[in-house]
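This report concerns only the one structure given below.
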Amino acid sequence: MPQNAGDKIHFRRYESLGLATTPLNEGTNPDGRNLSVTDIQASLQQYGDYVHITDQVDLMARDPVLTETAELLGEQMGKTRDVLVRDAILRDYVERIQNDGESKVDVSGSISDAELETAVDDLLTADARFITGAIRPSTGYNTVPIRPAYVAIFNPNQRKAVEAFSDFVPVSEYPSNENVLDGEWGAVKNVRFVMSTQADNGELDTWLNNHSSLSSYTNGKVLPIFAADAYGVTELTGGAAANIVKVQGGTSDPLELRRTSGWKMLMTAMVLNPKFMTMIVNWNGDHA
């Protein structure tokens, strides 16, 4: 998003055209169609944090404190961004499925191959496009071809359940490591699984339980599965994530006792097309 354009971003979604199955009459144009456009608006928000570093730490510490601090702040910023996107997307999706009846898949504690197949069928029925392409088989030993796929994001506490799917293929058995996603753990047919410590581990339980469409959601977790163009994330040009270091001094620090290192960012995230994602809810991390 460019600078000086306000704090609102407008996403625009063009709906698919209906099929043209009527033969043309010679010399006669058909009626034609109008484009169907949906505008979606979101507001940018700013986030940030910083750390105090005293002069004594600078003078006495054995470690390069400012470098270590920058790494810690970078990790904090990245995880914060992941959680902000997670919460915004899943909460926005819940609002949509409550109002519009979009798809979700309920389970009773333990997920099974059948529930994952249902989730994939929901996306295929919606003509949702795959995020990743196929990985063709190679001559490598014990490698397995990988299908075009949607992407699911899961918490490490759900690892055993993911690996228990009957057709699970670990990344180590992919024919090639090209185009493997950050954190990718493996694939099950048309779903590739990405593991993240910031994926839902029950943190959304209370919030989701207050929505009538998910009133049975108790003590469980969410497994979101995404197709291409399901959601959007944006930042402001010139306002993207940045590390900011302030030296000692100034009227508020006359003895130059401290300096600070911090970060800030402007961003927003929201669902663009709820038909292009689904989620499995009320999953306690077990496999049926």
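Note on naming: chains are A, B, ... as they come in the structure tokens, residues start from 1 per chain, ligands start from 1 in the order shown.
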Write out as a count of residues only the set of residues from region 19-72 of chain A that DSSP, computed on the backbone, places in alpha helix (DSSP H). 14
Selection near Tyr14 (chain A), 8 Å with only C-alpha atoms, sequence-local residues under 5 positions removed, as number ranges by chain: A: 35-38
Which region 71-163 of chain A residues have any atom within 12 Å of an atom of region 16-22 of chain A, and for each, what is the nearest pair of atoms with distance in Å to one decimal, counting only C-alpha atoms, rows sorted by chain and number, as a Markdown table?
| residue | atom | partner | partner_atom | distance |
| --- | --- | --- | --- | --- |
| A:Ala126 | CA | A:Ser16 | CA | 10.8 |
| A:Asp127 | CA | A:Ser16 | CA | 9.6 |
| A:Ala128 | CA | A:Ser16 | CA | 11.2 |
With N, CA, C and O atoms kept, could you save the residues just selected as an mmCIF file, in the first residue's frame?
data_model
loop_
_atom_site.group_PDB
_atom_site.id
_atom_site.type_symbol
_atom_site.label_atom_id
_atom_site.label_comp_id
_atom_site.auth_asym_id
_atom_site.auth_seq_id
_atom_site.Cartn_x
_atom_site.Cartn_y
_atom_site.Cartn_z
ATOM 1 N N ALA A 126 -15.493 -25.654 -4.707
ATOM 2 C CA ALA A 126 -15.531 -24.190 -4.853
ATOM 3 C C ALA A 126 -14.612 -23.693 -5.964
ATOM 4 O O ALA A 126 -14.443 -22.475 -6.140
ATOM 5 N N ASP A 127 -14.028 -24.615 -6.748
ATOM 6 C CA ASP A 127 -13.065 -24.254 -7.804
ATOM 7 C C ASP A 127 -11.881 -23.489 -7.238
ATOM 8 O O ASP A 127 -11.312 -22.603 -7.903
ATOM 9 N N ALA A 128 -11.506 -23.788 -5.989
ATOM 10 C CA ALA A 128 -10.357 -23.125 -5.376
ATOM 11 C C ALA A 128 -9.068 -23.672 -5.982
ATOM 12 O O ALA A 128 -8.894 -24.877 -6.131
#
What parts of region 10-245 of chain A does DSSP call strand (DSSP E or B)? I'd like the answer as a PDB file with C-alpha atoms, in the first residue's frame.
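This went into result01.pdb:
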ATOM      1  CA  HIS A  10      -9.380  -1.857  -0.592  1.00  0.00           C
ATOM      2  CA  PHE A  11      -9.088  -5.405  -1.888  1.00  0.00           C
ATOM      3  CA  ARG A  12     -11.131  -6.169  -5.002  1.00  0.00           C
ATOM      4  CA  ARG A  13     -12.342  -9.644  -5.934  1.00  0.00           C
ATOM      5  CA  TYR A  14     -13.741 -10.465  -9.384  1.00  0.00           C
ATOM      6  CA  VAL A  37     -17.051  -7.269  -8.299  1.00  0.00           C
ATOM      7  CA  THR A  38     -16.767  -7.483  -4.521  1.00  0.00           C
ATOM      8  CA  ASP A  39     -14.818  -4.771  -2.643  1.00  0.00           C
ATOM      9  CA  ILE A  40     -13.340  -5.616   0.747  1.00  0.00           C
ATOM     10  CA  GLN A  41     -11.963  -2.928   3.040  1.00  0.00           C
ATOM     11  CA  ALA A  42      -9.502  -3.258   5.917  1.00  0.00           C
ATOM     12  CA  SER A  43      -7.784  -0.781   8.243  1.00  0.00           C
ATOM     13  CA  GLN A  45      -2.858  -0.974  12.454  1.00  0.00           C
ATOM     14  CA  GLN A  46       0.565  -0.207  13.942  1.00  0.00           C
ATOM     15  CA  TYR A  47       2.435  -2.501  16.315  1.00  0.00           C
ATOM     16  CA  GLY A  48       5.821  -2.323  18.014  1.00  0.00           C
ATOM     17  CA  ASP A  49       8.019  -2.893  21.059  1.00  0.00           C
ATOM     18  CA  TYR A  50      11.519  -2.037  22.307  1.00  0.00           C
ATOM     19  CA  VAL A  51      14.191  -3.009  24.854  1.00  0.00           C
ATOM     20  CA  HIS A  52      16.210  -0.817  27.265  1.00  0.00           C
ATOM     21  CA  ILE A  53      20.000  -1.322  27.204  1.00  0.00           C
ATOM     22  CA  THR A  54      21.919   0.399  30.002  1.00  0.00           C
ATOM     23  CA  VAL A 105     -15.447 -29.468   8.945  1.00  0.00           C
ATOM     24  CA  ASP A 106     -16.333 -30.526  12.497  1.00  0.00           C
ATOM     25  CA  VAL A 107     -14.606 -33.443  14.186  1.00  0.00           C
ATOM     26  CA  SER A 108     -15.098 -34.993  17.580  1.00  0.00           C
ATOM     27  CA  GLY A 109     -11.668 -34.770  19.141  1.00  0.00           C
ATOM     28  CA  SER A 110      -9.786 -37.093  16.781  1.00  0.00           C
ATOM     29  CA  ILE A 111      -9.228 -36.254  13.126  1.00  0.00           C
ATOM     30  CA  THR A 132       1.668 -25.383  -4.806  1.00  0.00           C
ATOM     31  CA  ILE A 135       6.627 -32.324  -7.590  1.00  0.00           C
ATOM     32  CA  ILE A 146       3.727 -34.930  -4.599  1.00  0.00           C
ATOM     33  CA  ALA A 149      -1.824 -29.020  -3.111  1.00  0.00           C
ATOM     34  CA  TYR A 150      -3.612 -26.712  -0.717  1.00  0.00           C
ATOM     35  CA  VAL A 151      -1.774 -25.722   2.473  1.00  0.00           C
ATOM     36  CA  ALA A 152      -2.675 -26.548   6.078  1.00  0.00           C
ATOM     37  CA  ILE A 153      -0.931 -24.889   9.048  1.00  0.00           C
ATOM     38  CA  PHE A 154      -0.645 -26.916  12.248  1.00  0.00           C
ATOM     39  CA  PHE A 168       1.466 -39.002   4.826  1.00  0.00           C
ATOM     40  CA  VAL A 169       4.719 -38.302   2.959  1.00  0.00           C
ATOM     41  CA  PRO A 170       7.478 -36.525   4.946  1.00  0.00           C
ATOM     42  CA  GLU A 184       6.810 -27.627   5.642  1.00  0.00           C
ATOM     43  CA  TRP A 185       6.540 -30.999   7.351  1.00  0.00           C
ATOM     44  CA  GLY A 186       4.992 -33.243   4.730  1.00  0.00           C
ATOM     45  CA  ALA A 187       2.027 -33.897   2.454  1.00  0.00           C
ATOM     46  CA  VAL A 188      -1.163 -35.954   2.447  1.00  0.00           C
ATOM     47  CA  VAL A 191      -2.680 -31.031   1.220  1.00  0.00           C
ATOM     48  CA  ARG A 192       0.807 -29.921   2.211  1.00  0.00           C
ATOM     49  CA  PHE A 193       1.297 -29.375   5.942  1.00  0.00           C
ATOM     50  CA  VAL A 194       3.301 -26.488   7.391  1.00  0.00           C
ATOM     51  CA  MET A 195       4.223 -26.567  11.076  1.00  0.00           C
ATOM     52  CA  LYS A 221      -7.938 -26.537  18.146  1.00  0.00           C
ATOM     53  CA  VAL A 222      -8.359 -25.176  14.646  1.00  0.00           C
ATOM     54  CA  LEU A 223      -6.656 -26.637  11.565  1.00  0.00           C
ATOM     55  CA  PRO A 224      -7.035 -24.109   8.718  1.00  0.00           C
ATOM     56  CA  ILE A 225      -6.562 -25.252   5.116  1.00  0.00           C
ATOM     57  CA  PHE A 226      -5.984 -22.584   2.481  1.00  0.00           C
ATOM     58  CA  TYR A 231      -6.743 -14.074   2.310  1.00  0.00           C
ATOM     59  CA  GLY A 232      -4.607 -10.969   1.934  1.00  0.00           C
ATOM     60  CA  VAL A 233      -1.875  -9.375   4.059  1.00  0.00           C
ATOM     61  CA  THR A 234      -0.592  -5.886   3.376  1.00  0.00           C
ATOM     62  CA  GLU A 235       1.891  -3.390   4.739  1.00  0.00           C
ATOM     63  CA  ALA A 242      11.934  -1.940  10.798  1.00  0.00           C
ATOM     64  CA  ASN A 243      14.547  -2.133  13.581  1.00  0.00           C
ATOM     65  CA  ILE A 244      15.040   1.215  15.364  1.00  0.00           C
ATOM     66  CA  VAL A 245      18.057   1.945  17.585  1.00  0.00           C
TER      67      VAL A 245
END
Here is a test: counting only C-alpha atoms, which residue of A:Thr278, A:Thr197, A:Asn190, A:Ser172 is nearest to Ala230 (chain A)? A:Thr278
Give me, as JSON lines, the closest atom pair and its distance (Å, one decimal) for every residue of region 177-207 of chain A within a cut-off of 12 Å of region 76-79 of chain A, counting only C-alpha atoms, rows sorted by chain and rising number.
{"residue": "A:Ser196", "atom": "CA", "partner": "A:Lys79", "partner_atom": "CA", "distance": 9.6}
{"residue": "A:Thr197", "atom": "CA", "partner": "A:Lys79", "partner_atom": "CA", "distance": 8.7}
{"residue": "A:Gln198", "atom": "CA", "partner": "A:Lys79", "partner_atom": "CA", "distance": 6.8}
{"residue": "A:Ala199", "atom": "CA", "partner": "A:Lys79", "partner_atom": "CA", "distance": 10.2}
Surrounding residues of region 83-89 of chain A excluding itself and chain neighbours under 3 positions, 7 Å, only C-alpha atoms, as a list of chain:residue names: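 Everything that qualifies: A:Lys79, A:Thr80, A:Asp92, A:Tyr93, A:Gln198, A:Ala269, A:Met270, A:Val271.
Between CA of Arg81 (chain A) and CA of Asn284 (chain A) the interatomic distance comes to 25.0 Å.
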